[in-house]
Amino acid sequence: RSSMSAVWRAMDKECTGYIELRDWDLKSHEHLAEFKTWADRTYGSATAAFRALDTGASGQTSNCKLSRKELERCTKGEDSCKAEIEFLFDGLDVNQIDYLYEADVKFLDGWDLAWEEWQAEAEKKWSEQG
């Protein structure tokens, strides 16, 4: 138990009670943030983006799971997602089944990225002044 506390303390340097992905895996943070921003801007949420990308020719949800190829659709078009899709898919496919389910992206809808970005900028300014 004490080693777990030490690991947590090492990761939570500011003693906030939480850690942010950007603090320990900046590349993952950047790709997830890009995908979330694109999904919110284009569809209103990551869940809505998942449903839109998971459509067959009929326009109906095809099978409630998203393949790597289906996820690549978000990189097409004028207002496309700039995230590295291979990297993003591999990170979201935590069960390593080569498909994503809605639950695999739903957590992004609860991520207050605007607040996190504001907080990071404020911390940067504060550290530059101190």
# chains A, B, ... in the order shown; residues from 1 in each chain; ligands from 1
$ residues_around --residues "Leu66 (chain A)" --least-positions-apart "2" --cutoff "9 Å" --atoms "only C-alpha atoms" --output "PDB file with N, CA and C atoms, in the first residue's frame"
ATOM      1  N   PHE A  50     -19.097   8.759 -33.055  1.00  0.00           N
ATOM      2  CA  PHE A  50     -19.031   7.304 -33.171  1.00  0.00           C
ATOM      3  C   PHE A  50     -20.218   6.794 -33.981  1.00  0.00           C
ATOM      4  N   ARG A  51     -21.402   7.259 -33.627  1.00  0.00           N
ATOM      5  CA  ARG A  51     -22.614   6.801 -34.324  1.00  0.00           C
ATOM      6  C   ARG A  51     -22.614   7.222 -35.787  1.00  0.00           C
ATOM      7  N   LEU A  53     -19.925   7.772 -37.689  1.00  0.00           N
ATOM      8  CA  LEU A  53     -18.902   7.018 -38.405  1.00  0.00           C
ATOM      9  C   LEU A  53     -19.300   5.558 -38.586  1.00  0.00           C
ATOM     10  N   ASP A  54     -20.160   5.064 -37.701  1.00  0.00           N
ATOM     11  CA  ASP A  54     -20.594   3.665 -37.739  1.00  0.00           C
ATOM     12  C   ASP A  54     -21.894   3.526 -38.530  1.00  0.00           C
ATOM     13  N   ASN A  63     -23.387  -1.828 -37.034  1.00  0.00           N
ATOM     14  CA  ASN A  63     -23.197  -2.953 -36.125  1.00  0.00           C
ATOM     15  C   ASN A  63     -22.753  -2.542 -34.733  1.00  0.00           C
ATOM     16  N   CYS A  64     -22.863  -1.278 -34.416  1.00  0.00           N
ATOM     17  CA  CYS A  64     -22.524  -0.749 -33.082  1.00  0.00           C
ATOM     18  C   CYS A  64     -21.077  -0.993 -32.689  1.00  0.00           C
ATOM     19  N   ARG A  68     -11.059   0.140 -37.472  1.00  0.00           N
ATOM     20  CA  ARG A  68      -9.996   1.119 -37.736  1.00  0.00           C
ATOM     21  C   ARG A  68     -10.305   1.867 -39.039  1.00  0.00           C
ATOM     22  N   LYS A  69     -10.738   1.138 -40.045  1.00  0.00           N
ATOM     23  CA  LYS A  69     -11.052   1.745 -41.348  1.00  0.00           C
ATOM     24  C   LYS A  69     -12.219   2.731 -41.229  1.00  0.00           C
ATOM     25  N   GLU A  70     -13.227   2.386 -40.435  1.00  0.00           N
ATOM     26  CA  GLU A  70     -14.354   3.301 -40.241  1.00  0.00           C
ATOM     27  C   GLU A  70     -13.909   4.557 -39.491  1.00  0.00           C
ATOM     28  N   LEU A  71     -13.028   4.393 -38.516  1.00  0.00           N
ATOM     29  CA  LEU A  71     -12.528   5.552 -37.780  1.00  0.00           C
ATOM     30  C   LEU A  71     -11.733   6.482 -38.703  1.00  0.00           C
ATOM     31  N   ASP A  98      -9.618  -5.093 -32.119  1.00  0.00           N
ATOM     32  CA  ASP A  98      -9.669  -4.472 -33.446  1.00  0.00           C
ATOM     33  C   ASP A  98     -11.009  -3.832 -33.773  1.00  0.00           C
ATOM     34  N   TYR A  99     -11.773  -3.516 -32.756  1.00  0.00           N
ATOM     35  CA  TYR A  99     -13.021  -2.756 -32.897  1.00  0.00           C
ATOM     36  C   TYR A  99     -13.170  -1.844 -31.701  1.00  0.00           C
ATOM     37  N   LEU A 100     -13.850  -0.748 -31.914  1.00  0.00           N
ATOM     38  CA  LEU A 100     -14.221   0.131 -30.810  1.00  0.00           C
ATOM     39  C   LEU A 100     -15.723   0.053 -30.627  1.00  0.00           C
ATOM     40  N   TYR A 101     -16.141   0.094 -29.395  1.00  0.00           N
ATOM     41  CA  TYR A 101     -17.556   0.184 -29.070  1.00  0.00           C
ATOM     42  C   TYR A 101     -17.824   1.588 -28.538  1.00  0.00           C
ATOM     43  N   GLU A 102     -19.073   1.964 -28.506  1.00  0.00           N
ATOM     44  CA  GLU A 102     -19.445   3.303 -28.050  1.00  0.00           C
ATOM     45  C   GLU A 102     -18.842   3.617 -26.678  1.00  0.00           C
TER      46      GLU A 102
END
$ atom_distance --atom1 "CA of Glu84 (chain A)" --atom2 "CA of Ala33 (chain A)"
11.5 Å
$ residues_around --residues "Phe35 (chain A)" --least-positions-apart "3" --cutoff "7 Å" --atoms "only C-alpha atoms" --output "mmCIF file with N, CA, C and O atoms, in the first residue's frame"
data_model
loop_
_atom_site.group_PDB
_atom_site.id
_atom_site.type_symbol
_atom_site.label_atom_id
_atom_site.label_comp_id
_atom_site.auth_asym_id
_atom_site.auth_seq_id
_atom_site.Cartn_x
_atom_site.Cartn_y
_atom_site.Cartn_z
ATOM 1 N N HIS A 31 -3.439 13.623 -29.215
ATOM 2 C CA HIS A 31 -4.279 12.936 -30.199
ATOM 3 C C HIS A 31 -5.716 12.774 -29.702
ATOM 4 O O HIS A 31 -6.663 12.955 -30.476
ATOM 5 N N LEU A 32 -5.881 12.458 -28.426
ATOM 6 C CA LEU A 32 -7.236 12.374 -27.868
ATOM 7 C C LEU A 32 -7.918 13.735 -27.875
ATOM 8 O O LEU A 32 -9.102 13.844 -28.209
ATOM 9 N N TRP A 38 -12.443 17.668 -32.590
ATOM 10 C CA TRP A 38 -13.065 17.434 -33.897
ATOM 11 C C TRP A 38 -14.476 16.864 -33.736
ATOM 12 O O TRP A 38 -15.412 17.327 -34.382
ATOM 13 N N ALA A 39 -14.628 15.861 -32.881
ATOM 14 C CA ALA A 39 -15.938 15.227 -32.674
ATOM 15 C C ALA A 39 -16.954 16.230 -32.137
ATOM 16 O O ALA A 39 -18.094 16.284 -32.612
ATOM 17 N N CYS A 81 -10.306 15.486 -38.925
ATOM 18 C CA CYS A 81 -9.571 15.279 -37.678
ATOM 19 C C CYS A 81 -8.090 15.130 -38.016
ATOM 20 O O CYS A 81 -7.728 14.408 -38.939
ATOM 21 N N ALA A 83 -5.778 14.024 -35.844
ATOM 22 C CA ALA A 83 -5.126 13.032 -34.983
ATOM 23 C C ALA A 83 -4.560 11.893 -35.825
ATOM 24 O O ALA A 83 -5.076 11.578 -36.895
#
$ closest_residue --among "A:Val105, A:Ala120, A:Val7, A:Leu113" --to "Leu88 (chain A)" --atoms "only C-alpha atoms"
A:Val105
$ select_by_dssp --residues "region 56-125 of chain A" --states "alpha helix (DSSP H)" --output "number ranges by chain"
A: 68-71, 85-92, 102-106, 113-125
$ write_last_selection --atoms "N, CA, C and O atoms" --output "CSV table (one decimal), in the first residue's frame"
chain,number,residue,atom,x,y,z
A,68,ARG,N,-11.1,0.1,-37.5
A,68,ARG,CA,-10.0,1.1,-37.7
A,68,ARG,C,-10.3,1.9,-39.0
A,68,ARG,O,-10.2,3.1,-39.1
A,69,LYS,N,-10.7,1.1,-40.0
A,69,LYS,CA,-11.1,1.7,-41.3
A,69,LYS,C,-12.2,2.7,-41.2
A,69,LYS,O,-12.2,3.8,-41.8
A,70,GLU,N,-13.2,2.4,-40.4
A,70,GLU,CA,-14.4,3.3,-40.2
A,70,GLU,C,-13.9,4.6,-39.5
A,70,GLU,O,-14.4,5.7,-39.8
A,71,LEU,N,-13.0,4.4,-38.5
A,71,LEU,CA,-12.5,5.6,-37.8
A,71,LEU,C,-11.7,6.5,-38.7
A,71,LEU,O,-11.8,7.7,-38.5
A,85,ILE,N,-4.6,8.5,-36.6
A,85,ILE,CA,-5.7,7.5,-36.4
A,85,ILE,C,-5.1,6.2,-35.9
A,85,ILE,O,-5.7,5.6,-35.0
A,86,GLU,N,-4.0,5.7,-36.5
A,86,GLU,CA,-3.5,4.4,-36.0
A,86,GLU,C,-3.2,4.5,-34.5
A,86,GLU,O,-3.5,3.6,-33.7
A,87,PHE,N,-2.5,5.6,-34.1
A,87,PHE,CA,-2.2,5.8,-32.7
A,87,PHE,C,-3.4,5.9,-31.8
A,87,PHE,O,-3.5,5.3,-30.8
A,88,LEU,N,-4.4,6.7,-32.3
A,88,LEU,CA,-5.6,6.9,-31.6
A,88,LEU,C,-6.4,5.6,-31.4
A,88,LEU,O,-6.8,5.3,-30.3
A,89,PHE,N,-6.5,4.9,-32.5
A,89,PHE,CA,-7.3,3.6,-32.4
A,89,PHE,C,-6.6,2.6,-31.5
A,89,PHE,O,-7.3,2.0,-30.6
A,90,ASP,N,-5.3,2.5,-31.6
A,90,ASP,CA,-4.6,1.6,-30.7
A,90,ASP,C,-4.8,1.9,-29.2
A,90,ASP,O,-4.9,1.1,-28.4
A,91,GLY,N,-4.8,3.2,-28.9
A,91,GLY,CA,-5.0,3.7,-27.6
A,91,GLY,C,-6.4,3.5,-27.0
A,91,GLY,O,-6.6,3.2,-25.9
A,92,LEU,N,-7.4,3.6,-27.9
A,92,LEU,CA,-8.8,3.4,-27.5
A,92,LEU,C,-9.2,2.0,-27.5
A,92,LEU,O,-10.1,1.6,-26.7
A,102,GLU,N,-19.1,2.0,-28.5
A,102,GLU,CA,-19.4,3.3,-28.0
A,102,GLU,C,-18.8,3.6,-26.7
A,102,GLU,O,-18.4,4.7,-26.4
A,103,ALA,N,-18.8,2.6,-25.8
A,103,ALA,CA,-18.3,2.8,-24.5
A,103,ALA,C,-16.8,3.2,-24.5
A,103,ALA,O,-16.3,3.8,-23.6
A,104,ASP,N,-16.1,2.8,-25.6
A,104,ASP,CA,-14.7,3.1,-25.7
A,104,ASP,C,-14.4,4.6,-25.9
A,104,ASP,O,-13.3,5.1,-25.7
A,105,VAL,N,-15.4,5.3,-26.4
A,105,VAL,CA,-15.2,6.8,-26.7
A,105,VAL,C,-16.1,7.6,-25.8
A,105,VAL,O,-15.9,8.9,-25.7
A,106,LYS,N,-17.1,7.0,-25.1
A,106,LYS,CA,-18.0,7.8,-24.4
A,106,LYS,C,-17.4,8.7,-23.3
A,106,LYS,O,-17.9,9.8,-23.0
A,113,LEU,N,-12.3,19.5,-21.7
A,113,LEU,CA,-11.0,19.9,-22.3
A,113,LEU,C,-10.7,21.4,-22.2
A,113,LEU,O,-9.6,21.8,-21.9
A,114,ALA,N,-11.8,22.2,-22.4
A,114,ALA,CA,-11.6,23.7,-22.3
A,114,ALA,C,-11.1,24.1,-20.9
A,114,ALA,O,-10.2,24.9,-20.8
A,115,TRP,N,-11.6,23.5,-19.9
A,115,TRP,CA,-11.2,23.8,-18.5
A,115,TRP,C,-9.7,23.3,-18.3
A,115,TRP,O,-8.9,24.1,-17.8
A,116,GLU,N,-9.4,22.1,-18.8
A,116,GLU,CA,-8.1,21.6,-18.6
A,116,GLU,C,-7.1,22.5,-19.4
A,116,GLU,O,-6.0,22.7,-18.8
A,117,GLU,N,-7.4,22.9,-20.6
A,117,GLU,CA,-6.5,23.8,-21.3
A,117,GLU,C,-6.3,25.1,-20.6
A,117,GLU,O,-5.2,25.7,-20.5
A,118,TRP,N,-7.4,25.7,-20.1
A,118,TRP,CA,-7.3,27.0,-19.3
A,118,TRP,C,-6.4,26.8,-18.1
A,118,TRP,O,-5.6,27.6,-17.8
A,119,GLN,N,-6.6,25.7,-17.4
A,119,GLN,CA,-5.9,25.4,-16.2
A,119,GLN,C,-4.4,25.3,-16.5
A,119,GLN,O,-3.5,25.8,-15.8
A,120,ALA,N,-4.1,24.6,-17.6
A,120,ALA,CA,-2.7,24.4,-18.0
A,120,ALA,C,-2.0,25.7,-18.3
A,120,ALA,O,-0.9,26.0,-18.0
A,121,GLU,N,-2.8,26.5,-19.0
A,121,GLU,CA,-2.2,27.9,-19.4
A,121,GLU,C,-2.0,28.7,-18.2
A,121,GLU,O,-1.0,29.4,-18.1
A,122,ALA,N,-3.0,28.7,-17.2
A,122,ALA,CA,-2.8,29.5,-16.0
A,122,ALA,C,-1.6,29.0,-15.2
A,122,ALA,O,-0.9,29.8,-14.7
A,123,GLU,N,-1.4,27.7,-15.1
A,123,GLU,CA,-0.3,27.1,-14.4
A,123,GLU,C,1.0,27.5,-15.0
A,123,GLU,O,2.0,27.8,-14.3
A,124,LYS,N,1.0,27.6,-16.3
A,124,LYS,CA,2.2,28.0,-17.1
A,124,LYS,C,2.6,29.4,-16.8
A,124,LYS,O,3.7,29.8,-16.5
A,125,LYS,N,1.6,30.3,-16.8
A,125,LYS,CA,1.8,31.7,-16.6
A,125,LYS,C,2.2,31.9,-15.1
A,125,LYS,O,3.1,32.7,-14.8
